[in-house]
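entry_1.txt, holding compact mmCIF, C-alpha atoms and all ligand atoms:
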# COMPACT_ATOMS: atom_id res chain seq x y z
CA MET A 1 -8.42 -10.32 21.74
CA HIS A 2 -6.56 -7.85 19.53
CA LYS A 3 -6.83 -8.27 15.80
CA ILE A 4 -3.65 -8.17 13.69
CA VAL A 5 -2.98 -6.02 10.63
CA LEU A 6 0.19 -6.28 8.53
CA ILE A 7 1.00 -3.15 6.54
CA THR A 8 3.88 -2.90 4.07
CA GLY A 9 5.48 0.50 3.51
CA ALA A 10 4.55 2.00 6.87
CA THR A 11 7.46 4.45 7.18
CA SER A 12 5.48 7.23 5.47
CA GLY A 13 2.36 8.22 3.58
CA PHE A 14 -0.64 5.88 3.37
CA GLY A 15 1.01 2.99 5.20
CA LYS A 16 1.93 5.10 8.20
CA ALA A 17 -1.54 6.67 8.40
CA ILE A 18 -3.21 3.27 8.03
CA ALA A 19 -1.07 1.84 10.86
CA GLU A 20 -1.99 4.76 13.12
CA LYS A 21 -5.69 4.30 12.29
CA PHE A 22 -5.68 0.58 13.09
CA ALA A 23 -3.54 1.13 16.19
CA SER A 24 -6.06 3.68 17.44
CA GLY A 25 -8.70 0.97 16.96
CA ASN A 26 -6.61 -1.31 19.23
CA TRP A 27 -5.30 -3.62 16.51
CA ASN A 28 -1.84 -5.10 16.93
CA CYS A 29 0.29 -3.96 14.00
CA ILE A 30 3.04 -5.55 11.95
CA ILE A 31 4.67 -2.68 10.11
CA THR A 32 7.37 -2.92 7.44
CA GLY A 33 9.67 -0.74 5.37
CA ARG A 34 13.33 -0.32 4.41
CA ARG A 35 14.18 2.76 6.49
CA ALA A 36 14.91 1.09 9.82
CA ASP A 37 15.25 4.27 11.91
CA LYS A 38 11.92 5.67 10.78
CA LEU A 39 10.17 2.32 11.13
CA HIS A 40 11.39 1.57 14.66
CA ALA A 41 10.77 5.14 15.86
CA PHE A 42 7.21 4.91 14.53
CA ALA A 43 6.75 1.54 16.23
CA ASP A 44 7.84 3.09 19.57
CA GLU A 45 5.46 5.99 19.02
CA LEU A 46 2.53 3.62 18.44
CA ARG A 47 3.41 1.57 21.53
CA GLU A 48 3.50 4.72 23.65
CA LYS A 49 0.18 6.02 22.36
CA TYR A 50 -1.94 2.87 22.22
CA PRO A 51 -2.36 -0.29 24.35
CA ILE A 52 -1.23 -2.55 21.51
CA ARG A 53 1.72 -4.62 20.38
CA VAL A 54 3.79 -3.67 17.36
CA LEU A 55 6.23 -5.78 15.34
CA SER A 56 8.48 -3.76 13.04
CA LEU A 57 10.22 -5.69 10.26
CA VAL A 58 12.86 -4.08 8.05
CA PHE A 59 13.14 -5.57 4.58
CA ASP A 60 12.97 -4.75 0.89
CA VAL A 61 9.86 -6.19 -0.77
CA GLN A 62 11.82 -6.55 -4.02
CA LYS A 63 13.96 -9.29 -2.46
CA ASN A 64 11.98 -12.48 -2.13
CA GLU A 65 14.54 -14.07 0.19
CA GLU A 66 14.20 -11.16 2.65
CA VAL A 67 10.41 -11.24 2.35
CA GLN A 68 10.19 -14.95 3.10
CA GLN A 69 12.75 -14.71 5.94
CA ASN A 70 10.71 -12.00 7.62
CA LEU A 71 7.15 -13.09 6.89
CA SER A 72 6.84 -16.77 6.10
CA ASN A 73 7.63 -17.86 9.64
CA LEU A 74 6.19 -15.19 11.91
CA PRO A 75 6.38 -15.80 15.69
CA ASP A 76 3.33 -17.82 16.84
CA GLU A 77 1.67 -14.84 18.50
CA TRP A 78 1.78 -12.94 15.19
CA LYS A 79 0.63 -15.70 12.85
CA ASP A 80 -3.08 -14.92 13.06
CA VAL A 81 -2.95 -12.08 10.53
CA ASP A 82 -6.48 -10.75 9.97
CA VAL A 83 -5.70 -8.07 7.42
CA LEU A 84 -2.82 -7.63 4.98
CA ILE A 85 -2.41 -4.21 3.40
CA ASN A 86 -0.11 -4.36 0.38
CA ASN A 87 0.86 -0.71 0.25
CA ALA A 88 4.64 -0.51 -0.36
CA GLY A 89 5.19 0.96 -3.78
CA LEU A 90 6.48 3.84 -5.82
CA ALA A 91 6.67 5.66 -9.12
CA LEU A 92 10.07 6.62 -10.50
CA GLY A 93 10.32 9.30 -13.18
CA ARG A 94 7.70 10.76 -15.47
CA GLU A 95 9.04 10.37 -18.99
CA THR A 96 7.77 9.32 -22.40
CA PHE A 97 8.45 5.66 -23.13
CA ASP A 98 11.38 6.46 -25.44
CA ASN A 99 13.05 8.54 -22.73
CA GLY A 100 12.31 6.12 -19.91
CA SER A 101 14.98 4.53 -17.73
CA ILE A 102 15.11 0.74 -17.71
CA GLU A 103 16.49 0.85 -14.19
CA ASP A 104 13.43 2.81 -13.04
CA TRP A 105 11.13 0.37 -14.86
CA ASP A 106 12.79 -2.58 -13.12
CA THR A 107 12.44 -0.95 -9.71
CA MET A 108 8.76 -0.15 -10.23
CA ILE A 109 7.90 -3.62 -11.50
CA ASP A 110 10.04 -5.34 -8.85
CA THR A 111 8.43 -3.30 -6.06
CA ASN A 112 4.83 -2.73 -7.11
CA VAL A 113 4.20 -6.07 -8.78
CA LYS A 114 6.74 -8.69 -7.72
CA GLY A 115 7.06 -7.30 -4.18
CA LEU A 116 3.29 -7.47 -3.73
CA LEU A 117 3.30 -11.06 -5.00
CA TYR A 118 6.15 -12.12 -2.69
CA VAL A 119 4.51 -10.60 0.39
CA THR A 120 1.11 -12.05 -0.44
CA LYS A 121 2.58 -15.50 -1.08
CA ALA A 122 4.18 -15.41 2.38
CA VAL A 123 1.08 -14.19 4.22
CA VAL A 124 -1.77 -16.05 2.47
CA PRO A 125 -1.01 -19.40 4.22
CA TYR A 126 -1.88 -17.82 7.60
CA MET A 127 -5.28 -16.93 6.15
CA THR A 128 -6.02 -20.13 4.25
CA ALA A 129 -5.20 -22.10 7.43
CA LYS A 130 -8.20 -20.53 9.17
CA ASN A 131 -10.37 -19.72 6.12
CA ARG A 132 -10.58 -16.07 7.08
CA GLY A 133 -8.78 -12.85 6.23
CA HIS A 134 -8.77 -9.71 4.17
CA ILE A 135 -6.18 -8.48 1.68
CA ILE A 136 -6.26 -4.85 0.61
CA ASN A 137 -4.03 -3.98 -2.32
CA ILE A 138 -3.23 -0.31 -2.77
CA GLY A 139 -3.51 0.17 -6.53
CA SER A 140 -4.02 3.55 -8.12
CA ILE A 141 -6.19 5.46 -10.55
CA ALA A 142 -3.09 4.88 -12.71
CA GLY A 143 -4.13 1.22 -12.74
CA LYS A 144 -7.47 2.17 -14.28
CA GLU A 145 -6.45 4.71 -16.92
CA VAL A 146 -3.11 5.22 -18.65
CA TYR A 147 -1.87 8.81 -18.76
CA GLU A 148 0.87 10.53 -20.71
CA LYS A 149 4.34 9.66 -19.36
CA GLY A 150 2.80 7.20 -16.91
CA ASN A 151 3.63 4.12 -19.04
CA VAL A 152 5.42 1.65 -16.74
CA TYR A 153 4.02 2.99 -13.45
CA CYS A 154 0.52 2.64 -14.96
CA ALA A 155 1.38 -0.86 -16.18
CA SER A 156 2.54 -1.86 -12.71
CA LYS A 157 -0.74 -0.66 -11.21
CA PHE A 158 -2.80 -2.34 -13.96
CA ALA A 159 -0.99 -5.49 -12.86
CA VAL A 160 -1.99 -4.84 -9.23
CA ASP A 161 -5.59 -4.53 -10.43
CA ALA A 162 -5.36 -7.84 -12.30
CA ILE A 163 -3.66 -9.62 -9.40
CA THR A 164 -6.36 -8.35 -7.04
CA LYS A 165 -9.11 -9.75 -9.26
CA ALA A 166 -7.26 -13.06 -9.64
CA LEU A 167 -6.67 -13.42 -5.90
CA ARG A 168 -10.33 -12.78 -5.17
CA ILE A 169 -11.32 -15.66 -7.46
CA ASP A 170 -8.62 -18.10 -6.35
CA LEU A 171 -9.14 -17.45 -2.64
CA LEU A 172 -12.94 -17.77 -2.75
CA PRO A 173 -12.95 -21.26 -1.16
CA HIS A 174 -11.02 -19.79 1.77
CA LYS A 175 -13.51 -16.97 2.41
CA ILE A 176 -10.74 -14.39 2.13
CA LYS A 177 -11.84 -10.89 1.13
CA VAL A 178 -9.70 -9.14 -1.49
CA THR A 179 -10.08 -5.43 -2.12
CA ALA A 180 -8.37 -2.97 -4.48
CA LEU A 181 -8.15 0.52 -3.01
CA GLN A 182 -7.21 2.79 -5.89
CA PRO A 183 -6.44 6.42 -4.97
CA GLY A 184 -5.90 9.43 -7.20
CA ALA A 185 -3.38 12.17 -6.42
CA ALA A 186 -2.46 12.24 -2.74
CA ASP A 187 0.08 14.42 -0.98
CA THR A 188 2.58 12.00 0.59
CA GLU A 189 6.29 11.37 -0.12
CA PHE A 190 5.15 9.80 -3.42
CA SER A 191 6.02 12.76 -5.68
CA LEU A 192 9.30 13.47 -3.91
CA VAL A 193 10.28 9.86 -4.67
CA ARG A 194 8.92 10.02 -8.22
CA TYR A 195 10.93 13.19 -8.95
CA LYS A 196 14.00 11.80 -7.17
CA GLY A 197 14.22 14.40 -4.41
CA ASP A 198 13.23 17.46 -6.49
CA ALA A 199 11.08 19.18 -3.83
CA ASP A 200 9.91 21.98 -6.15
CA LYS A 201 8.58 19.55 -8.74
CA ALA A 202 6.97 17.46 -6.04
CA LYS A 203 5.27 20.53 -4.56
CA GLN A 204 3.97 21.65 -7.98
CA THR A 205 2.09 18.36 -8.30
CA TYR A 206 -0.38 19.46 -5.65
CA GLU A 207 -0.61 23.18 -6.40
CA GLY A 208 -3.98 24.79 -7.14
CA PHE A 209 -6.18 22.09 -5.65
CA THR A 210 -6.75 20.17 -2.46
CA PRO A 211 -5.38 16.64 -2.97
CA LEU A 212 -6.18 13.53 -1.00
CA TYR A 213 -4.24 13.10 2.22
CA ALA A 214 -2.92 9.90 3.75
CA GLN A 215 -5.52 10.14 6.49
CA ASP A 216 -8.31 9.92 3.88
CA ILE A 217 -6.95 6.61 2.62
CA ALA A 218 -6.54 5.32 6.18
CA ASP A 219 -10.19 6.13 6.93
CA ILE A 220 -11.29 4.29 3.77
CA ALA A 221 -9.13 1.24 4.52
CA TRP A 222 -10.65 1.17 8.01
CA TYR A 223 -14.15 1.37 6.51
CA CYS A 224 -13.37 -1.54 4.15
CA VAL A 225 -12.43 -3.82 7.05
CA SER A 226 -15.33 -2.68 9.22
CA LEU A 227 -18.01 -4.25 7.01
CA PRO A 228 -19.76 -7.50 8.01
CA PRO A 229 -18.17 -10.85 7.06
CA HIS A 230 -20.51 -11.36 4.08
CA VAL A 231 -19.62 -7.99 2.46
CA CYS A 232 -16.46 -7.41 0.41
CA ILE A 233 -15.61 -4.19 -1.39
CA ASN A 234 -14.00 -5.37 -4.63
CA ASP A 235 -12.76 -2.16 -6.15
CA LEU A 236 -12.75 1.31 -4.72
CA VAL A 237 -11.45 4.23 -6.80
CA VAL A 238 -11.13 7.45 -4.82
CA THR A 239 -9.96 10.88 -5.92
CA CYS A 240 -10.05 14.29 -4.36
CA THR A 241 -13.04 16.36 -5.46
CA ALA A 242 -10.84 18.42 -7.81
CA GLN A 243 -9.78 15.34 -9.80
CA GLY A 244 -12.20 13.96 -12.41
CA ASN A 245 -10.13 11.06 -13.77
CA ALA A 246 -6.43 10.21 -14.14
CA ILE A 247 -5.64 13.42 -16.03
CA ASN A 248 -8.36 16.05 -15.52
CA PHE A 249 -7.94 18.36 -12.54
CA TYR A 250 -9.72 21.61 -11.75
CA LYS A 251 -7.00 23.94 -10.47
CA GLU A 252 -7.61 27.43 -9.05
P1 LIG B 301 5.23 7.18 0.18
O1 LIG B 301 6.44 7.38 -0.66
O2 LIG B 301 4.89 8.19 1.20
O3 LIG B 301 5.28 5.74 0.88
C1 LIG B 301 5.75 4.60 0.20
C2 LIG B 301 6.06 3.52 1.21
O4 LIG B 301 6.48 2.34 0.50
C3 LIG B 301 7.17 3.89 2.16
O5 LIG B 301 6.84 3.49 3.46
C4 LIG B 301 8.36 3.10 1.63
O6 LIG B 301 9.18 2.72 2.73
C5 LIG B 301 7.67 1.85 1.07
N1 LIG B 301 8.50 1.19 0.06
C6 LIG B 301 8.84 1.66 -1.17
N2 LIG B 301 9.66 0.79 -1.78
C7 LIG B 301 9.81 -0.26 -0.93
C8 LIG B 301 10.55 -1.46 -0.99
N3 LIG B 301 11.28 -1.80 -2.06
N4 LIG B 301 10.50 -2.30 0.07
C9 LIG B 301 9.77 -1.98 1.15
N5 LIG B 301 9.05 -0.86 1.27
C10 LIG B 301 9.09 0.00 0.24
O7 LIG B 301 4.03 7.04 -0.88
P2 LIG B 301 2.47 6.72 -0.70
O8 LIG B 301 2.09 6.52 0.70
O9 LIG B 301 1.74 7.71 -1.51
O10 LIG B 301 2.41 5.35 -1.50
C11 LIG B 301 1.88 4.15 -0.97
C12 LIG B 301 1.25 3.37 -2.11
O11 LIG B 301 0.17 4.13 -2.66
C13 LIG B 301 2.18 3.07 -3.28
O12 LIG B 301 1.91 1.75 -3.72
C14 LIG B 301 1.76 4.07 -4.35
O13 LIG B 301 2.02 3.62 -5.65
C15 LIG B 301 0.27 4.16 -4.07
N6 LIG B 301 -0.42 5.34 -4.54
C16 LIG B 301 -0.01 6.62 -4.21
C17 LIG B 301 -0.73 7.71 -4.64
C18 LIG B 301 -0.29 9.10 -4.37
O14 LIG B 301 -0.67 10.02 -5.15
N7 LIG B 301 0.43 9.37 -3.30
C19 LIG B 301 -1.98 7.55 -5.39
C20 LIG B 301 -2.32 6.18 -5.69
C21 LIG B 301 -1.57 5.14 -5.25
P3 LIG B 301 10.79 2.74 2.71
O15 LIG B 301 11.24 3.82 1.76
O16 LIG B 301 11.15 2.98 4.14
O17 LIG B 301 11.14 1.37 2.25
C1 LIG B 302 -0.43 7.83 -7.93
C2 LIG B 302 -1.41 8.73 -8.57
O1 LIG B 302 -1.93 10.07 -10.65
O2 LIG B 302 0.36 10.13 -9.86
O3 LIG B 302 -0.67 6.52 -8.22
O4 LIG B 302 -0.51 8.16 -10.92
S1 LIG B 302 -0.84 9.28 -10.07

Can the structure from this file be put into structure tokens for me?
Amino acid sequence: MHKIVLITGATSGFGKAIAEKFASGNWNCIITGRRADKLHAFADELREKYPIRVLSLVFDVQKNEEVQQNLSNLPDEWKDVDVLINNAGLALGRETFDNGSIEDWDTMIDTNVKGLLYVTKAVVPYMTAKNRGHIINIGSIAGKEVYEKGNVYCASKFAVDAITKALRIDLLPHKIKVTALQPGAADTEFSLVRYKGDADKAKQTYEGFTPLYAQDIADIAWYCVSLPPHVCINDLVVTCTAQGNAINFYKE
């Protein structure tokens, strides 16, 4: 029988690579995102390439009503979710606190923190019902160390770290694994979004070193779920070799 993975934010970057990885391992995939065209085209691509089923659900994780409508009553054949990957998220802007935009702060907190809570609240009942499951929250090195002009993005990822730890404790009786996967700089659409479409600025982020790629994170997520039932990776911080912590890079 095929296992089921549910991945939020699968229209690009980590989420897309993770879906491809699990699909290639013959898992049925529930993929989500706001960009309907991209999401459905990717779903078709997966169906063509792999002997699996794919459910693509278009919604905004910031809107609890949409989240519950889409996830809290999945069709019976999709209810047995084995793995939830809370990946949808973003940074907006890179400004000192005094120059920060409240609108950007709201969007980051609503997406990275509240969105993750809404999705998890909808999906956890499928796992507690069978006392089995695995939740992987995509945090960030920004949730481990605060860096200059990272303020609210860092805070949102510190919150993801705290929520991950809390979930692991509260879900213990249900034998549900909870993992934080916390990457450093990775070349996805992340910087293009952060710099609001400024492609030059986004490109500069990754100049002079080899960053992580989405495929690296997909391989690590796959490894995390491939361990035996009695083993749970709690917290996994991963950077490219040229990154020493949240701020120190060796650029050539
Ligand atoms: P991308 O921008 O490539 O992907 C982000 C994904 O999140 C997209 O699929 C996007 O889909 C989805 N998303 C964003 N906002 C919403 C929303 N409100 N509702 C539903 N889906 C949403 O970036 P990454 O793949 O890099 O980012 C994935 C996660 O990894 C994020 O949580 C990010 O903070 C984290 N991260 C990224 C790092 C990096 O350097 N790239 C490093 C560490 C962590 P759509 O726009 O279609 O809705
Ligand atoms: C993304 C990595 O360093 O831009 O979370 O915060 S960083």

Report as number ranges by chain all protein, DNA and RNA residues lying within 8 Å of Ser56 in chain A, evaluated on only C-alpha atoms, omitting residues in the same chain fewer than 4 positions from it.
A: 30-32, 39-40, 43

Each residue of chain A with at least one atom at most 8 Å from ligand LIG 301 (chain B) should appear once, together with its nearest atom pair and the corresponding distance in Å (one decimal); atoms considered: all atoms listed in the file; ordering: chain, then increasing residue number; output as JSON lines.
{"residue": "A:Thr8", "atom": "CA", "partner": "B:LIG301", "partner_atom": "N5", "distance": 6.2}
{"residue": "A:Gly9", "atom": "CA", "partner": "B:LIG301", "partner_atom": "O5", "distance": 3.3}
{"residue": "A:Ala10", "atom": "CA", "partner": "B:LIG301", "partner_atom": "O5", "distance": 4.4}
{"residue": "A:Thr11", "atom": "CA", "partner": "B:LIG301", "partner_atom": "O5", "distance": 3.9}
{"residue": "A:Ser12", "atom": "CA", "partner": "B:LIG301", "partner_atom": "O2", "distance": 4.4}
{"residue": "A:Gly13", "atom": "CA", "partner": "B:LIG301", "partner_atom": "O8", "distance": 3.4}
{"residue": "A:Phe14", "atom": "CA", "partner": "B:LIG301", "partner_atom": "O8", "distance": 3.9}
{"residue": "A:Gly15", "atom": "CA", "partner": "B:LIG301", "partner_atom": "O8", "distance": 5.8}
{"residue": "A:Lys16", "atom": "CA", "partner": "B:LIG301", "partner_atom": "O5", "distance": 7.0}
{"residue": "A:Thr32", "atom": "CA", "partner": "B:LIG301", "partner_atom": "N5", "distance": 6.7}
{"residue": "A:Gly33", "atom": "CA", "partner": "B:LIG301", "partner_atom": "O17", "distance": 4.0}
{"residue": "A:Arg34", "atom": "CA", "partner": "B:LIG301", "partner_atom": "O17", "distance": 3.5}
{"residue": "A:Arg35", "atom": "CA", "partner": "B:LIG301", "partner_atom": "O16", "distance": 3.8}
{"residue": "A:Ala36", "atom": "CA", "partner": "B:LIG301", "partner_atom": "O16", "distance": 7.1}
{"residue": "A:Lys38", "atom": "CA", "partner": "B:LIG301", "partner_atom": "O16", "distance": 7.2}
{"residue": "A:Leu39", "atom": "CA", "partner": "B:LIG301", "partner_atom": "O16", "distance": 7.1}
{"residue": "A:Val58", "atom": "CA", "partner": "B:LIG301", "partner_atom": "C9", "distance": 7.8}
{"residue": "A:Phe59", "atom": "CA", "partner": "B:LIG301", "partner_atom": "C9", "distance": 6.0}
{"residue": "A:Asp60", "atom": "CA", "partner": "B:LIG301", "partner_atom": "N4", "distance": 3.6}
{"residue": "A:Val61", "atom": "CA", "partner": "B:LIG301", "partner_atom": "N4", "distance": 4.0}
{"residue": "A:Gln62", "atom": "CA", "partner": "B:LIG301", "partner_atom": "N3", "distance": 5.2}
{"residue": "A:Lys63", "atom": "CA", "partner": "B:LIG301", "partner_atom": "N3", "distance": 8.0}
{"residue": "A:Asn86", "atom": "CA", "partner": "B:LIG301", "partner_atom": "O12", "distance": 7.6}
{"residue": "A:Asn87", "atom": "CA", "partner": "B:LIG301", "partner_atom": "C12", "distance": 4.7}
{"residue": "A:Ala88", "atom": "CA", "partner": "B:LIG301", "partner_atom": "O4", "distance": 3.5}
{"residue": "A:Gly89", "atom": "CA", "partner": "B:LIG301", "partner_atom": "O12", "distance": 3.4}
{"residue": "A:Leu90", "atom": "CA", "partner": "B:LIG301", "partner_atom": "O13", "distance": 4.5}
{"residue": "A:Ala91", "atom": "CA", "partner": "B:LIG301", "partner_atom": "O13", "distance": 6.2}
{"residue": "A:Thr107", "atom": "CA", "partner": "B:LIG301", "partner_atom": "N3", "distance": 7.8}
{"residue": "A:Asp110", "atom": "CA", "partner": "B:LIG301", "partner_atom": "N3", "distance": 7.8}
{"residue": "A:Thr111", "atom": "CA", "partner": "B:LIG301", "partner_atom": "N3", "distance": 5.1}
{"residue": "A:Asn112", "atom": "CA", "partner": "B:LIG301", "partner_atom": "O12", "distance": 6.3}
{"residue": "A:Gly115", "atom": "CA", "partner": "B:LIG301", "partner_atom": "N3", "distance": 7.2}
{"residue": "A:Ile138", "atom": "CA", "partner": "B:LIG301", "partner_atom": "O11", "distance": 5.6}
{"residue": "A:Gly139", "atom": "CA", "partner": "B:LIG301", "partner_atom": "C21", "distance": 5.5}
{"residue": "A:Ser140", "atom": "CA", "partner": "B:LIG301", "partner_atom": "C20", "distance": 4.0}
{"residue": "A:Ile141", "atom": "CA", "partner": "B:LIG301", "partner_atom": "C20", "distance": 6.3}
{"residue": "A:Ala142", "atom": "CA", "partner": "B:LIG301", "partner_atom": "C20", "distance": 7.2}
{"residue": "A:Lys157", "atom": "CA", "partner": "B:LIG301", "partner_atom": "O13", "distance": 7.5}
{"residue": "A:Gln182", "atom": "CA", "partner": "B:LIG301", "partner_atom": "C20", "distance": 6.0}
{"residue": "A:Pro183", "atom": "CA", "partner": "B:LIG301", "partner_atom": "C20", "distance": 4.2}
{"residue": "A:Gly184", "atom": "CA", "partner": "B:LIG301", "partner_atom": "C19", "distance": 4.7}
{"residue": "A:Ala185", "atom": "CA", "partner": "B:LIG301", "partner_atom": "O14", "distance": 3.7}
{"residue": "A:Ala186", "atom": "CA", "partner": "B:LIG301", "partner_atom": "O14", "distance": 3.7}
{"residue": "A:Asp187", "atom": "CA", "partner": "B:LIG301", "partner_atom": "N7", "distance": 5.6}
{"residue": "A:Thr188", "atom": "CA", "partner": "B:LIG301", "partner_atom": "O2", "distance": 4.5}
{"residue": "A:Glu189", "atom": "CA", "partner": "B:LIG301", "partner_atom": "O2", "distance": 3.7}
{"residue": "A:Phe190", "atom": "CA", "partner": "B:LIG301", "partner_atom": "O1", "distance": 3.9}
{"residue": "A:Ser191", "atom": "CA", "partner": "B:LIG301", "partner_atom": "N7", "distance": 7.0}
{"residue": "A:Leu192", "atom": "CA", "partner": "B:LIG301", "partner_atom": "O1", "distance": 7.5}
{"residue": "A:Val193", "atom": "CA", "partner": "B:LIG301", "partner_atom": "O1", "distance": 6.1}
{"residue": "A:Leu212", "atom": "CA", "partner": "B:LIG301", "partner_atom": "O14", "distance": 7.7}
{"residue": "A:Ala214", "atom": "CA", "partner": "B:LIG301", "partner_atom": "O8", "distance": 6.8}

So that I can see what lies close to Val152 in chain A, please list as a PDB file with C-alpha atoms, keeping the file's coordinate frame the residues with an atom at most 9 Å from it, counting only C-alpha atoms and leaving out residues fewer than 2 positions away in the same chain.
ATOM      1  CA  ALA A  91       6.670   5.660  -9.120  1.00  0.00           C
ATOM      2  CA  PHE A  97       8.450   5.660 -23.130  1.00  0.00           C
ATOM      3  CA  GLY A 100      12.310   6.120 -19.910  1.00  0.00           C
ATOM      4  CA  ASP A 104      13.430   2.810 -13.040  1.00  0.00           C
ATOM      5  CA  TRP A 105      11.130   0.370 -14.860  1.00  0.00           C
ATOM      6  CA  MET A 108       8.760  -0.150 -10.230  1.00  0.00           C
ATOM      7  CA  ILE A 109       7.900  -3.620 -11.500  1.00  0.00           C
ATOM      8  CA  LYS A 149       4.340   9.660 -19.360  1.00  0.00           C
ATOM      9  CA  GLY A 150       2.800   7.200 -16.910  1.00  0.00           C
ATOM     10  CA  CYS A 154       0.520   2.640 -14.960  1.00  0.00           C
ATOM     11  CA  ALA A 155       1.380  -0.860 -16.180  1.00  0.00           C
ATOM     12  CA  SER A 156       2.540  -1.860 -12.710  1.00  0.00           C
ATOM     13  CA  LYS A 157      -0.740  -0.660 -11.210  1.00  0.00           C
TER      14      LYS A 157
END

Counting all atoms listed in the file, which residue out of A:Ile217, A:Ala41, A:Val119, A:Ala199 sits closest to Glu65 in chain A?
A:Val119

I'd like the box whose edges run along x, y and z of the file and which contains every listed atom of ligand LIG 302 (chain B), padded by 3 Å per side; could you state its centre and edge lengths in Å, one decimal, as AutoDock Vina command-line options?
--center_x -0.8 --center_y 8.3 --center_z -9.4 --size_x 8.3 --size_y 9.6 --size_z 9.0

Quick one: residues within 10 Å of (-11.2, 15.3, -7.9) (file frame), counting only C-alpha atoms, please, as a VMD selection string.
chain A and resid 184 to 185 209 to 212 238 to 246 248 to 251

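Distances here use only C-alpha atoms; by that measure, the residue among A:Ala17, A:Ile85, A:Arg94, A:Ile52 closest to Tyr195 in chain A is A:Arg94.
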
Please determine, counting only C-alpha atoms and all ligand atoms, which residue among A:Leu181, A:Ala166, A:Ile220, A:Ile102 has the shortest atom-to-atom distance to ligand LIG 302 (chain B).
A:Leu181

Using only C-alpha atoms and all ligand atoms: which of A:Val54, A:Ala202, A:Met1, A:Leu84 has the shortest distance to ligand LIG 302 (chain B):
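Among A:Val54, A:Ala202, A:Met1, A:Leu84, it is A:Ala202 that comes nearest to ligand LIG 302 (chain B).
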
What lies within 6 Å of Asn64 in chain A using only C-alpha atoms, ignoring chain neighbours under 2 positions off, as a ChimeraX atom specification?
/A:66-67,118

Missing atoms in range 69-83 of chain A should be modelled up to N, CA and C atoms and reported as a short mmCIF file (atom, residue, chain, number, x, y, z; two decimals), in the frame of the given file.
data_model
loop_
_atom_site.label_atom_id
_atom_site.label_comp_id
_atom_site.auth_asym_id
_atom_site.auth_seq_id
_atom_site.Cartn_x
_atom_site.Cartn_y
_atom_site.Cartn_z
N GLN A 69 12.08 -14.64 4.63
CA GLN A 69 12.75 -14.71 5.94
C GLN A 69 11.95 -13.98 7.01
N ASN A 70 11.41 -12.83 6.65
CA ASN A 70 10.71 -12.00 7.62
C ASN A 70 9.26 -12.42 7.85
N LEU A 71 8.61 -12.91 6.79
CA LEU A 71 7.15 -13.09 6.89
C LEU A 71 6.67 -14.53 6.89
N SER A 72 7.45 -15.44 6.29
CA SER A 72 6.84 -16.77 6.10
C SER A 72 6.87 -17.59 7.38
N ASN A 73 7.65 -17.13 8.37
CA ASN A 73 7.63 -17.86 9.64
C ASN A 73 7.52 -16.88 10.80
N LEU A 74 6.41 -16.18 10.85
CA LEU A 74 6.19 -15.19 11.91
C LEU A 74 6.13 -15.90 13.26
N PRO A 75 6.54 -15.22 14.36
CA PRO A 75 6.38 -15.80 15.69
C PRO A 75 4.91 -16.21 15.90
N ASP A 76 4.68 -17.27 16.69
CA ASP A 76 3.33 -17.82 16.84
C ASP A 76 2.28 -16.76 17.17
N GLU A 77 2.67 -15.83 18.06
CA GLU A 77 1.67 -14.84 18.50
C GLU A 77 1.31 -13.83 17.42
N TRP A 78 2.06 -13.87 16.30
CA TRP A 78 1.78 -12.94 15.19
C TRP A 78 1.20 -13.63 13.96
N LYS A 79 1.02 -14.94 14.05
CA LYS A 79 0.63 -15.70 12.85
C LYS A 79 -0.81 -15.45 12.41
N ASP A 80 -1.65 -15.02 13.36
CA ASP A 80 -3.08 -14.92 13.06
C ASP A 80 -3.39 -13.57 12.38
N VAL A 81 -2.77 -13.36 11.22
CA VAL A 81 -2.95 -12.08 10.53
C VAL A 81 -4.38 -11.97 9.99
N ASP A 82 -5.10 -10.95 10.44
CA ASP A 82 -6.48 -10.75 9.97
C ASP A 82 -6.52 -9.98 8.67
N VAL A 83 -5.67 -8.96 8.58
CA VAL A 83 -5.70 -8.07 7.42
C VAL A 83 -4.29 -7.81 6.92
#
